[in-house]
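Q: Okay, so here is query17.cif, and as you'll see once you scroll down, it has mmCIF, C-alpha atoms and all ligand atoms.
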data_data
loop_
_atom_site.label_atom_id
_atom_site.label_comp_id
_atom_site.auth_asym_id
_atom_site.auth_seq_id
_atom_site.Cartn_x
_atom_site.Cartn_y
_atom_site.Cartn_z
CA MET A 1 -21.81 14.47 -6.94
CA ASN A 2 -19.35 12.36 -4.92
CA LEU A 3 -17.55 14.67 -2.48
CA ASN A 4 -16.14 11.90 -0.32
CA PHE A 5 -12.37 12.42 -0.18
CA ALA A 6 -11.89 10.53 3.10
CA SER A 7 -10.01 7.65 1.47
CA ASP A 8 -9.53 5.88 -1.83
CA ASN A 9 -11.31 3.01 -0.06
CA THR A 10 -14.52 5.02 -0.39
CA GLY A 11 -14.48 4.37 -4.14
CA PRO A 12 -16.52 1.69 -5.88
CA MET A 13 -15.30 -1.34 -7.79
CA ALA A 14 -14.12 -0.78 -11.33
CA GLN A 15 -16.73 -2.20 -13.71
CA PRO A 16 -14.44 -4.93 -15.18
CA VAL A 17 -13.77 -6.18 -11.64
CA LEU A 18 -17.48 -6.35 -10.86
CA ASP A 19 -18.12 -8.06 -14.21
CA ALA A 20 -15.40 -10.60 -13.46
CA ILE A 21 -16.99 -11.43 -10.10
CA VAL A 22 -20.34 -11.96 -11.80
CA THR A 23 -18.74 -14.18 -14.47
CA ALA A 24 -16.93 -16.19 -11.80
CA ASN A 25 -20.25 -16.74 -10.06
CA ALA A 26 -21.43 -19.23 -12.68
CA GLY A 27 -21.59 -22.82 -11.47
CA ALA A 28 -18.95 -24.59 -9.42
CA ALA A 29 -15.30 -23.72 -9.00
CA MET A 30 -12.66 -25.48 -6.95
CA PRO A 31 -12.02 -23.72 -3.62
CA TYR A 32 -8.89 -22.54 -1.77
CA GLY A 33 -7.00 -21.15 -4.76
CA ASN A 34 -7.57 -24.16 -6.99
CA ASP A 35 -9.91 -22.23 -9.29
CA ILE A 36 -9.12 -21.82 -12.98
CA TRP A 37 -8.21 -18.12 -12.67
CA MET A 38 -5.49 -18.34 -10.03
CA PRO A 39 -2.77 -19.86 -12.29
CA GLN A 40 -3.29 -16.93 -14.68
CA VAL A 41 -3.01 -14.45 -11.81
CA ARG A 42 0.22 -16.10 -10.68
CA ASP A 43 1.70 -16.10 -14.19
CA ARG A 44 0.80 -12.49 -14.84
CA ILE A 45 2.23 -11.22 -11.57
CA ARG A 46 5.40 -13.26 -12.08
CA ALA A 47 5.78 -11.70 -15.53
CA LEU A 48 4.95 -8.17 -14.29
CA PHE A 49 7.50 -8.34 -11.50
CA ALA A 50 10.02 -10.30 -13.60
CA TRP A 51 10.17 -12.76 -10.69
CA PRO A 52 9.77 -16.06 -12.56
CA GLY A 53 9.60 -18.31 -9.49
CA ALA A 54 7.54 -16.03 -7.28
CA GLU A 55 4.76 -17.30 -5.04
CA VAL A 56 1.57 -15.24 -5.23
CA LEU A 57 -1.01 -15.54 -2.46
CA LEU A 58 -4.22 -13.52 -2.34
CA VAL A 59 -5.75 -12.12 0.82
CA THR A 60 -8.58 -9.70 1.52
CA SER A 61 -6.92 -6.85 3.40
CA GLY A 62 -3.74 -4.84 3.31
CA THR A 63 -3.16 -5.51 6.98
CA ALA A 64 -3.22 -9.28 6.35
CA ALA A 65 -0.89 -8.88 3.36
CA ASN A 66 1.64 -6.81 5.31
CA ALA A 67 1.53 -8.90 8.46
CA LEU A 68 1.82 -12.22 6.59
CA ALA A 69 4.60 -10.87 4.38
CA LEU A 70 6.59 -9.71 7.38
CA SER A 71 5.98 -12.97 9.25
CA ALA A 72 7.64 -14.80 6.36
CA LEU A 73 10.76 -12.64 6.66
CA VAL A 74 11.22 -11.93 10.36
CA PRO A 75 11.55 -14.26 13.37
CA PRO A 76 9.76 -13.54 16.68
CA TYR A 77 12.99 -12.09 18.06
CA GLY A 78 13.60 -9.92 14.99
CA ALA A 79 13.39 -6.18 14.31
CA ILE A 80 11.45 -4.54 11.50
CA PHE A 81 12.78 -1.16 10.44
CA ALA A 82 9.88 1.05 9.36
CA HIS A 83 9.14 4.74 8.98
CA LYS A 84 7.58 6.21 12.10
CA THR A 85 4.34 6.91 10.21
CA ALA A 86 4.18 3.50 8.51
CA HIS A 87 0.76 1.88 8.28
CA ILE A 88 2.25 -1.24 9.93
CA GLU A 89 3.11 0.92 12.95
CA VAL A 90 0.15 3.27 13.17
CA ASP A 91 -2.85 1.54 11.63
CA GLU A 92 -2.61 -2.23 11.96
CA CYS A 93 -3.42 -2.79 15.64
CA GLY A 94 -0.21 -4.73 16.22
CA ALA A 95 -0.90 -7.27 13.44
CA PRO A 96 2.75 -7.39 12.27
CA GLU A 97 3.88 -8.03 15.84
CA PHE A 98 1.12 -10.64 16.29
CA PHE A 99 1.72 -12.50 13.01
CA THR A 100 5.50 -12.55 13.47
CA GLY A 101 5.04 -13.85 17.00
CA GLY A 102 6.47 -10.74 18.60
CA ALA A 103 8.91 -8.98 16.27
CA LYS A 104 9.71 -5.40 17.29
CA LEU A 105 9.17 -2.38 15.07
CA ILE A 106 12.08 0.04 15.11
CA LEU A 107 10.90 3.43 13.88
CA ILE A 108 12.98 5.52 11.54
CA GLU A 109 12.71 9.28 11.06
CA GLY A 110 12.48 11.00 7.71
CA ALA A 111 10.73 14.03 6.23
CA ASP A 112 7.51 13.76 4.23
CA GLY A 113 6.92 10.08 4.98
CA ARG A 114 10.23 8.98 3.45
CA MET A 115 12.81 7.16 5.52
CA ASP A 116 16.12 8.99 5.92
CA PRO A 117 18.84 6.57 4.65
CA LEU A 118 21.36 7.78 7.21
CA ALA A 119 18.87 7.27 10.03
CA LEU A 120 18.26 3.74 8.75
CA THR A 121 21.94 2.77 8.57
CA LYS A 122 22.53 4.25 12.02
CA ALA A 123 19.59 2.32 13.48
CA ILE A 124 20.79 -0.94 11.92
CA ALA A 125 24.32 -0.33 13.24
CA ARG A 126 23.02 0.66 16.69
CA LEU A 127 21.10 -2.59 16.98
CA GLY A 128 24.05 -4.70 15.91
CA THR A 129 23.94 -8.49 16.09
CA GLY A 130 24.95 -11.14 18.52
CA ASN A 131 23.64 -9.48 21.67
CA VAL A 132 21.39 -12.04 23.29
CA HIS A 133 19.65 -9.28 25.25
CA GLY A 134 18.37 -7.44 22.17
CA VAL A 135 16.20 -8.23 19.18
CA GLN A 136 18.09 -9.18 16.05
CA PRO A 137 17.93 -7.31 12.73
CA GLY A 138 15.00 -8.75 10.77
CA ALA A 139 13.79 -6.77 7.75
CA LEU A 140 13.22 -3.36 6.23
CA SER A 141 9.66 -2.31 5.37
CA LEU A 142 8.97 0.64 3.04
CA THR A 143 5.68 2.08 1.82
CA ASN A 144 5.23 3.55 -1.67
CA VAL A 145 3.11 5.75 -2.13
CA THR A 146 4.12 6.83 1.38
CA GLU A 147 1.63 7.62 4.12
CA ALA A 148 2.38 11.32 3.47
CA GLY A 149 1.28 11.06 -0.16
CA THR A 150 4.85 11.37 -1.41
CA LEU A 151 6.89 8.96 -3.50
CA TYR A 152 10.19 7.20 -3.11
CA SER A 153 11.99 7.41 -6.45
CA LEU A 154 13.50 4.22 -7.81
CA ALA A 155 16.93 5.50 -6.70
CA GLN A 156 15.69 6.22 -3.17
CA MET A 157 14.15 2.75 -2.86
CA ALA A 158 17.38 1.21 -4.20
CA GLU A 159 19.47 3.13 -1.67
CA LEU A 160 17.36 1.96 1.27
CA THR A 161 16.94 -1.66 0.19
CA GLY A 162 20.66 -1.69 -0.69
CA ALA A 163 21.53 -0.53 2.82
CA ALA A 164 19.33 -3.28 4.25
CA ARG A 165 20.85 -5.90 1.96
CA ALA A 166 24.38 -4.79 2.93
CA ALA A 167 23.41 -5.60 6.52
CA GLY A 168 21.98 -8.97 5.48
CA LEU A 169 18.35 -7.85 5.74
CA PRO A 170 15.52 -8.61 3.32
CA SER A 171 13.05 -5.88 2.34
CA HIS A 172 9.27 -5.67 2.25
CA LEU A 173 7.22 -3.18 0.23
CA ASP A 174 3.80 -2.10 1.49
CA GLY A 175 2.28 -1.54 -1.92
CA ALA A 176 -1.28 -0.78 -0.88
CA ARG A 177 -0.85 2.00 -3.49
CA PHE A 178 1.73 0.17 -5.63
CA ALA A 179 -0.23 1.10 -8.78
CA ASN A 180 -0.41 4.79 -7.87
CA ALA A 181 3.34 4.84 -7.24
CA CYS A 182 4.12 3.01 -10.48
CA ALA A 183 1.87 5.32 -12.48
CA ALA A 184 3.29 8.46 -10.87
CA LEU A 185 6.90 7.35 -11.27
CA GLY A 186 6.26 6.17 -14.82
CA CYS A 187 8.14 2.97 -14.08
CA THR A 188 7.35 -0.71 -14.57
CA ALA A 189 6.18 -3.02 -11.82
CA ALA A 190 9.49 -4.88 -12.17
CA GLU A 191 11.41 -1.66 -11.52
CA MET A 192 9.28 -0.93 -8.45
CA ALA A 193 9.78 -4.43 -7.06
CA ALA A 194 13.48 -4.69 -7.95
CA GLY A 195 15.07 -4.27 -4.52
CA PHE A 196 12.44 -6.14 -2.53
CA ASP A 197 12.04 -9.71 -1.35
CA ILE A 198 8.32 -9.57 -0.72
CA VAL A 199 5.63 -7.12 -1.85
CA SER A 200 2.08 -6.40 -0.72
CA PHE A 201 0.51 -5.57 -4.08
CA GLY A 202 -2.71 -3.67 -3.45
CA GLY A 203 -5.96 -3.87 -5.37
CA THR A 204 -8.62 -2.77 -2.89
CA LYS A 205 -7.94 0.98 -2.97
CA ASN A 206 -7.76 1.07 -6.72
CA GLY A 207 -10.89 -0.57 -8.11
CA CYS A 208 -11.15 -4.03 -6.54
CA MET A 209 -13.71 -5.14 -3.99
CA GLY A 210 -11.12 -6.50 -1.59
CA VAL A 211 -8.00 -8.27 -2.77
CA GLU A 212 -4.28 -7.84 -2.17
CA ALA A 213 -1.51 -10.09 -3.43
CA VAL A 214 1.44 -11.14 -1.30
CA VAL A 215 4.23 -11.65 -3.81
CA LEU A 216 7.23 -13.58 -2.53
CA ARG A 217 10.36 -13.59 -4.64
CA ASP A 218 12.04 -16.69 -3.14
CA PRO A 219 10.11 -19.87 -3.96
CA ALA A 220 11.96 -21.74 -1.20
CA ARG A 221 9.78 -19.93 1.35
CA ALA A 222 6.49 -20.44 -0.50
CA TRP A 223 5.28 -23.39 1.53
CA GLU A 224 5.87 -21.61 4.82
CA LEU A 225 3.94 -18.60 3.56
CA ALA A 226 1.06 -20.81 2.42
CA LEU A 227 0.90 -22.42 5.85
CA ARG A 228 1.03 -19.06 7.56
CA ARG A 229 -1.86 -17.75 5.45
CA LYS A 230 -3.99 -20.78 6.32
CA ARG A 231 -3.10 -20.63 9.99
CA ALA A 232 -4.04 -16.95 10.04
CA GLY A 233 -7.48 -17.76 8.64
CA HIS A 234 -6.78 -15.95 5.39
CA LEU A 235 -7.04 -18.84 2.94
CA TRP A 236 -10.43 -18.10 1.43
CA SER A 237 -12.56 -21.09 0.52
CA LYS A 238 -14.49 -19.18 -2.17
CA HIS A 239 -11.16 -18.01 -3.51
CA ARG A 240 -12.46 -17.78 -7.06
CA PHE A 241 -13.82 -14.34 -6.25
CA LEU A 242 -10.37 -13.13 -5.18
CA SER A 243 -8.70 -14.60 -8.26
CA ALA A 244 -11.35 -13.15 -10.56
CA GLN A 245 -10.91 -9.68 -9.09
CA MET A 246 -7.14 -9.76 -9.38
CA LEU A 247 -7.19 -11.13 -12.91
CA ALA A 248 -9.57 -8.39 -14.06
CA TYR A 249 -7.39 -5.82 -12.29
CA LEU A 250 -4.32 -7.02 -14.20
CA GLN A 251 -6.15 -7.42 -17.52
CA ASP A 252 -5.41 -4.69 -20.09
CA GLU A 253 -3.50 -2.74 -17.43
CA LEU A 254 -6.68 -1.78 -15.59
CA TRP A 255 -4.55 -1.35 -12.44
CA LEU A 256 -2.56 1.40 -14.16
CA GLU A 257 -5.59 2.99 -15.78
CA THR A 258 -7.43 3.42 -12.47
CA ALA A 259 -4.25 4.59 -10.70
CA ARG A 260 -3.60 7.20 -13.38
CA ALA A 261 -7.15 8.48 -12.99
CA ALA A 262 -6.81 8.72 -9.19
CA ASN A 263 -3.43 10.43 -9.48
CA ALA A 264 -4.74 12.89 -12.10
CA ALA A 265 -7.59 13.87 -9.75
CA GLY A 266 -5.10 14.23 -6.89
CA GLN A 267 -2.83 16.41 -8.98
CA ARG A 268 -5.75 18.60 -10.09
CA LEU A 269 -6.67 19.08 -6.44
CA ALA A 270 -3.04 19.91 -5.58
CA ARG A 271 -2.78 22.44 -8.43
CA GLY A 272 -6.01 24.11 -7.34
CA LEU A 273 -4.86 24.31 -3.72
CA ARG A 274 -1.53 25.80 -4.78
CA ALA A 275 -3.29 28.34 -6.97
CA MET A 276 -5.39 29.51 -4.00
CA GLY A 277 -2.28 29.73 -1.80
CA ALA A 278 -3.35 26.94 0.56
CA GLU A 279 -0.91 25.60 3.15
CA ILE A 280 0.02 22.24 1.64
CA VAL A 281 1.99 20.14 4.10
CA HIS A 282 3.79 17.41 2.11
CA PRO A 283 4.62 17.54 -1.60
CA PRO A 284 1.53 15.91 -3.18
CA GLU A 285 2.96 13.38 -5.64
CA ALA A 286 0.10 10.95 -6.23
CA ASN A 287 -3.55 10.90 -5.11
CA MET A 288 -3.28 11.96 -1.45
CA ILE A 289 -3.02 15.57 -0.29
CA PHE A 290 -2.40 17.04 3.16
CA ALA A 291 -3.18 20.70 3.85
CA ARG A 292 -4.04 23.04 6.71
CA PHE A 293 -7.06 25.33 6.83
CA ASP A 294 -8.64 27.38 9.59
CA ARG A 295 -11.54 25.84 11.47
CA ALA A 296 -14.19 28.00 9.82
CA THR A 297 -13.09 26.78 6.39
CA HIS A 298 -13.16 23.16 7.56
CA ASP A 299 -16.61 23.61 9.08
CA ARG A 300 -17.93 25.08 5.84
CA ALA A 301 -16.30 22.44 3.61
CA ARG A 302 -17.18 19.51 5.85
CA ALA A 303 -20.84 20.44 5.82
CA GLN A 304 -20.85 19.15 2.25
CA ALA A 305 -17.69 17.12 1.71
CA GLN A 306 -15.90 14.37 3.57
CA TYR A 307 -12.17 14.17 4.29
CA GLY A 308 -10.00 13.22 7.23
CA LEU A 309 -8.90 15.56 10.02
CA GLU A 310 -5.51 14.51 11.30
CA ASP A 311 -4.95 16.73 14.31
CA ASP A 312 -6.50 19.23 16.65
CA ALA A 313 -4.26 22.19 15.85
CA ASP A 314 -5.58 25.74 15.48
CA ARG A 315 -5.40 25.15 11.74
CA PRO A 316 -6.24 21.44 11.59
CA LEU A 317 -4.41 19.25 9.12
CA CYS A 318 -6.66 17.49 6.64
CA ARG A 319 -6.04 14.46 4.45
CA MET A 320 -7.84 14.31 1.14
CA VAL A 321 -7.58 11.22 -1.03
CA CYS A 322 -8.88 10.83 -4.57
CA ASP A 323 -10.18 7.47 -5.71
CA PHE A 324 -10.14 6.59 -9.40
CA THR A 325 -13.69 7.82 -10.06
CA LYS A 326 -13.24 11.42 -8.93
CA THR A 327 -14.27 13.81 -11.71
CA ASP A 328 -12.87 17.25 -12.48
CA ALA A 329 -16.19 18.74 -11.36
CA GLU A 330 -16.02 16.98 -7.99
CA VAL A 331 -12.45 18.11 -7.39
CA ASP A 332 -13.34 21.66 -8.42
CA ARG A 333 -16.34 21.65 -6.08
CA LEU A 334 -14.11 20.66 -3.15
CA LEU A 335 -11.72 23.46 -4.12
CA THR A 336 -14.59 25.95 -4.10
CA LEU A 337 -15.69 24.75 -0.67
CA LEU A 338 -12.14 25.22 0.65
CA SER A 339 -11.53 28.61 -0.90
C1 LIG A 401 -0.19 2.33 3.32
C2 LIG A 401 -1.27 1.36 3.61
N1 LIG A 401 -0.97 0.06 3.80
C3 LIG A 401 -1.91 -0.85 3.99
C4 LIG A 401 -3.23 -0.51 4.01
C5 LIG A 401 -4.26 -1.60 4.08
O1 LIG A 401 -5.10 -1.58 5.10
P1 LIG A 401 -6.43 -2.48 5.24
O2 LIG A 401 -6.08 -3.58 6.14
O3 LIG A 401 -7.39 -1.52 5.81
O4 LIG A 401 -6.84 -3.01 3.90
C6 LIG A 401 -3.61 0.82 3.90
C7 LIG A 401 -5.02 1.25 4.01
O5 LIG A 401 -5.38 2.28 4.46
C8 LIG A 401 -2.60 1.79 3.69
O6 LIG A 401 -2.89 3.08 3.53
#
Kindly return the structure encoded in the file as structure tokens.

A:
Amino acid sequence: MNLNFASDNTGPMAQPVLDAIVTANAGAAMPYGNDIWMPQVRDRIRALFAWPGAEVLLVTSGTAANALALSALVPPYGAIFAHKTAHIEVDECGAPEFFTGGAKLILIEGADGRMDPLALTKAIARLGTGNVHGVQPGALSLTNVTEAGTLYSLAQMAELTGAARAAGLPSHLDGARFANACAALGCTAAEMAAGFDIVSFGGTKNGCMGVEAVVLRDPARAWELALRRKRAGHLWSKHRFLSAQMLAYLQDELWLETARAANAAGQRLARGLRAMGAEIVHPPEANMIFARFDRATHDRARAQAQYGLEDDADRPLCRMVCDFTKTDAEVDRLLTLLS
């Protein structure tokens, strides 16, 4: 029984992804993205996003995808507006600042991992433009599924990206869990991407070995992005294995199938926790659940199961994430341990 709920990264590869890697292993293939699979990946993502001229570059980590994406949008003297709990702020060791050459993150408040639109417009207005002593407005960065396991609706994303656009700012989507958000919202990839200029489209958490696509709407910036990826050391020579993963992930909507499975497990866990009267902290809307339990309960549960502890409070906050392989029995076992 797999009782590891520490992250969706603890999950394995989906079988079609593994099969695709094995198939791609036969004989020679041109390196650096010149393999026979990459044009198909590019075409499929362009069609999915309804961005016909988009550039699609594959990298091996979400941090690289986010940092490269932001470096294509924001100058060294620019500001990136992000939620205060954003992965780019909390969990990327300064990579966005490093890859942009020094851009500054301006942190925006908002309940349950979602940016408050009023706080964003105020922060943009407060920064202003034309003051040589301050950083200049650069870009908005949103995350969906949010770091709190909640969702931005299509309308909420449109409001925030619209506010950015009104101030002349492009928008970036950290879509490490793009598929989970799409599946939970019941929307298309094109609807998710609609207000954005660049998207980190995740695969790793959802059945790939390690591949994320940076999807850039404006082809005029494609060359710069390609150079930035190379300069960052993220242009893989044996790129065929990235292309093969991503193609298998897109084939027959595997990306949605695995995301639906992860979300269903997450929702089963959330229902069970609600039924036992647990203290759930953010509305669980996809595959990630935050809840508080007393220490004795944690000690008992963590003797057999794995999940993250987020703080040192009297009733510590835990973060439980379901990957796409979690079975009903595994979720129910965790519930028993926590009850
Ligand atoms: C919201 C979000 N963005 C990006 C990432 C990608 O991070 P990594 O560089 O570990 O692949 C993660 C992984 O935890 C994440 O949760």

Q: Need the shell around segment 121-135 of chain A: protein/DNA/RNA residues with any atom at most 10 Å away, counting all atoms listed in the file. Skip same-chain ones fewer than 5 positions apart. Format as a list in words?

A: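 Returned residues: Pro75, Pro76, Tyr77, Gly78, Ala79, Ile80, Phe81, Ala103, Lys104, Ile106, Leu107, Ile108, Asp116, Leu140, Leu160, Ala163, Ala164, Ala166, Ala167 and Leu169 of chain A.
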
Q: When you count only C-alpha atoms, which of these residues is closest to Trp255 of chain A: A:Ile280, A:Ala54, A:Leu68, A:Ala14?

A: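 The closest residue to Trp255 of chain A is A:Ala14.
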
Q: Using only C-alpha atoms for the distances, tell me which of A:Glu212, A:Asp328, A:Asp218, A:Asp299 is nearest to Ala262 of chain A.

A: A:Asp328

Q: Counting all atoms listed in the file, which residue out of A:Met13, A:Leu73, A:Ala95, A:Ala176 sits closest to ligand LIG 401 (chain A)?

A: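 For ligand LIG 401 (chain A), the nearest of the candidates is A:Ala176.
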
Q: Within 7 Å of ligand LIG 401 (chain A), which residues show up when you count only C-alpha atoms and all ligand atoms? List them as a list in words, please.

A: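 Going residue by residue within 7 Å of ligand LIG 401 (chain A), we get Ser61, Gly62, Thr63, Ala64, Ala86, His87, Glu92, Thr143, Thr146, Glu147, Asp174, Gly175, Ala176 and Arg177 of chain A.
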
Q: I'd like the neighbourhood of Tyr249 of chain A as an NGL selection string, where a residue qualifies if any of its atoms comes within 9 Å (using all atoms listed in the file), though same-chain residues fewer than 5 positions away should be ignored.

A: :A and (14 or 16-17 or 203 or 206-208 or 244 or 254-256)

Q: Smallest atom-to-atom distance to Ala261 of chain A: which of A:Leu225, A:Ala26, A:Ala286, A:Met320, using all atoms listed in the file?

A: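 Closest residue, counting all atoms listed in the file: A:Ala286.
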
Q: Could you name the residues that touch Val199 of chain A at 8 Å or less, counting all atoms listed in the file, but leaving out those on the same chain fewer than 5 positions away, as a short mmCIF file (atom, residue, chain, number, x, y, z; two decimals) with C-alpha atoms, in the coordinates of the input?

A:
data_model
loop_
_atom_site.label_atom_id
_atom_site.label_comp_id
_atom_site.auth_asym_id
_atom_site.auth_seq_id
_atom_site.Cartn_x
_atom_site.Cartn_y
_atom_site.Cartn_z
CA ALA A 69 4.60 -10.87 4.38
CA HIS A 172 9.27 -5.67 2.25
CA LEU A 173 7.22 -3.18 0.23
CA ASP A 174 3.80 -2.10 1.49
CA GLY A 175 2.28 -1.54 -1.92
CA ALA A 193 9.78 -4.43 -7.06
CA ALA A 213 -1.51 -10.09 -3.43
CA VAL A 214 1.44 -11.14 -1.30
CA VAL A 215 4.23 -11.65 -3.81
CA LEU A 216 7.23 -13.58 -2.53
#

Q: Identify which of the residues A:Gly233, A:Leu317, A:Tyr152, A:Pro96 lies closest to Gly110 of chain A, counting only C-alpha atoms when measuring atom-to-atom distances.

A: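 Closest residue, counting only C-alpha atoms: A:Tyr152.
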
Q: Emit as JSON the padded axis-aligned box for all listed atoms of segment 147-161 of chain A, 5 Å per side, with centre and edge lengths in Å to one decimal.

A:
{"center_x": 10.4, "center_y": 4.9, "center_z": -1.8, "size_x": 28.2, "size_y": 23.0, "size_z": 21.9}

Q: I'd like to know which of A:Arg271, A:Lys326, A:Arg229, A:Ala222 is closest to Gly53 of chain A, using all atoms listed in the file.

A: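 With all atoms listed in the file as the atom set, the closest residue is A:Ala222.
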
Q: By how many Å are atom CA of Val321 of chain A and atom CA of Tyr307 of chain A apart?

A: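 Interatomic distance here is 7.6 Å.
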
Q: Render segment 131-153 of chain A from the structure in the preceding block as a file of N, CA and C atoms, as a short mmCIF file (atom, residue, chain, number, x, y, z; two decimals), in the first residue's frame.

A:
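Result saved to selection06.cif:
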data_model
loop_
_atom_site.label_atom_id
_atom_site.label_comp_id
_atom_site.auth_asym_id
_atom_site.auth_seq_id
_atom_site.Cartn_x
_atom_site.Cartn_y
_atom_site.Cartn_z
N ASN A 131 9.82 56.35 -12.25
CA ASN A 131 10.67 56.75 -11.13
C ASN A 131 11.99 56.00 -11.26
N VAL A 132 13.03 56.69 -11.55
CA VAL A 132 14.31 56.03 -11.81
C VAL A 132 14.85 55.33 -10.57
N HIS A 133 14.32 55.68 -9.40
CA HIS A 133 14.81 55.08 -8.16
C HIS A 133 14.15 53.74 -7.83
N GLY A 134 13.07 53.41 -8.56
CA GLY A 134 12.35 52.18 -8.23
C GLY A 134 12.34 51.21 -9.39
N VAL A 135 12.08 49.92 -9.08
CA VAL A 135 11.92 48.96 -10.17
C VAL A 135 10.67 49.32 -10.97
N GLN A 136 10.64 48.87 -12.20
CA GLN A 136 9.52 49.18 -13.09
C GLN A 136 8.58 47.98 -13.19
N PRO A 137 7.28 48.24 -13.38
CA PRO A 137 6.34 47.11 -13.49
C PRO A 137 6.80 46.14 -14.58
N GLY A 138 6.81 44.84 -14.26
CA GLY A 138 7.33 43.86 -15.21
C GLY A 138 6.31 42.85 -15.68
N ALA A 139 5.75 42.05 -14.74
CA ALA A 139 4.79 41.02 -15.14
C ALA A 139 4.01 40.56 -13.92
N LEU A 140 2.88 39.93 -14.21
CA LEU A 140 2.08 39.24 -13.20
C LEU A 140 2.39 37.76 -13.30
N SER A 141 2.49 37.07 -12.16
CA SER A 141 2.63 35.61 -12.18
C SER A 141 1.57 35.00 -11.27
N LEU A 142 0.74 34.13 -11.83
CA LEU A 142 -0.28 33.41 -11.05
C LEU A 142 0.04 31.93 -11.05
N THR A 143 -0.50 31.23 -10.07
CA THR A 143 -0.33 29.77 -9.99
C THR A 143 -1.71 29.12 -9.92
N ASN A 144 -1.96 28.14 -10.77
CA ASN A 144 -3.24 27.43 -10.74
C ASN A 144 -2.99 25.97 -11.10
N VAL A 145 -3.27 25.06 -10.21
CA VAL A 145 -3.80 25.04 -8.87
C VAL A 145 -2.89 25.89 -7.97
N THR A 146 -3.48 26.64 -7.03
CA THR A 146 -2.65 27.48 -6.17
C THR A 146 -1.86 26.63 -5.17
N GLU A 147 -0.93 27.27 -4.51
CA GLU A 147 -0.12 26.59 -3.49
C GLU A 147 -0.97 26.17 -2.29
N ALA A 148 -2.19 26.70 -2.17
CA ALA A 148 -3.07 26.32 -1.07
C ALA A 148 -4.03 25.21 -1.48
N GLY A 149 -3.88 24.70 -2.69
CA GLY A 149 -4.75 23.62 -3.15
C GLY A 149 -6.10 24.11 -3.65
N THR A 150 -6.22 25.43 -3.80
CA THR A 150 -7.47 26.01 -4.31
C THR A 150 -7.31 26.32 -5.79
N LEU A 151 -8.41 26.78 -6.38
CA LEU A 151 -8.40 27.10 -7.81
C LEU A 151 -8.73 28.57 -8.02
N TYR A 152 -8.16 29.16 -9.03
CA TYR A 152 -8.71 30.38 -9.61
C TYR A 152 -9.73 29.93 -10.65
N SER A 153 -10.92 30.50 -10.62
CA SER A 153 -11.88 30.24 -11.70
C SER A 153 -11.39 30.96 -12.96
#
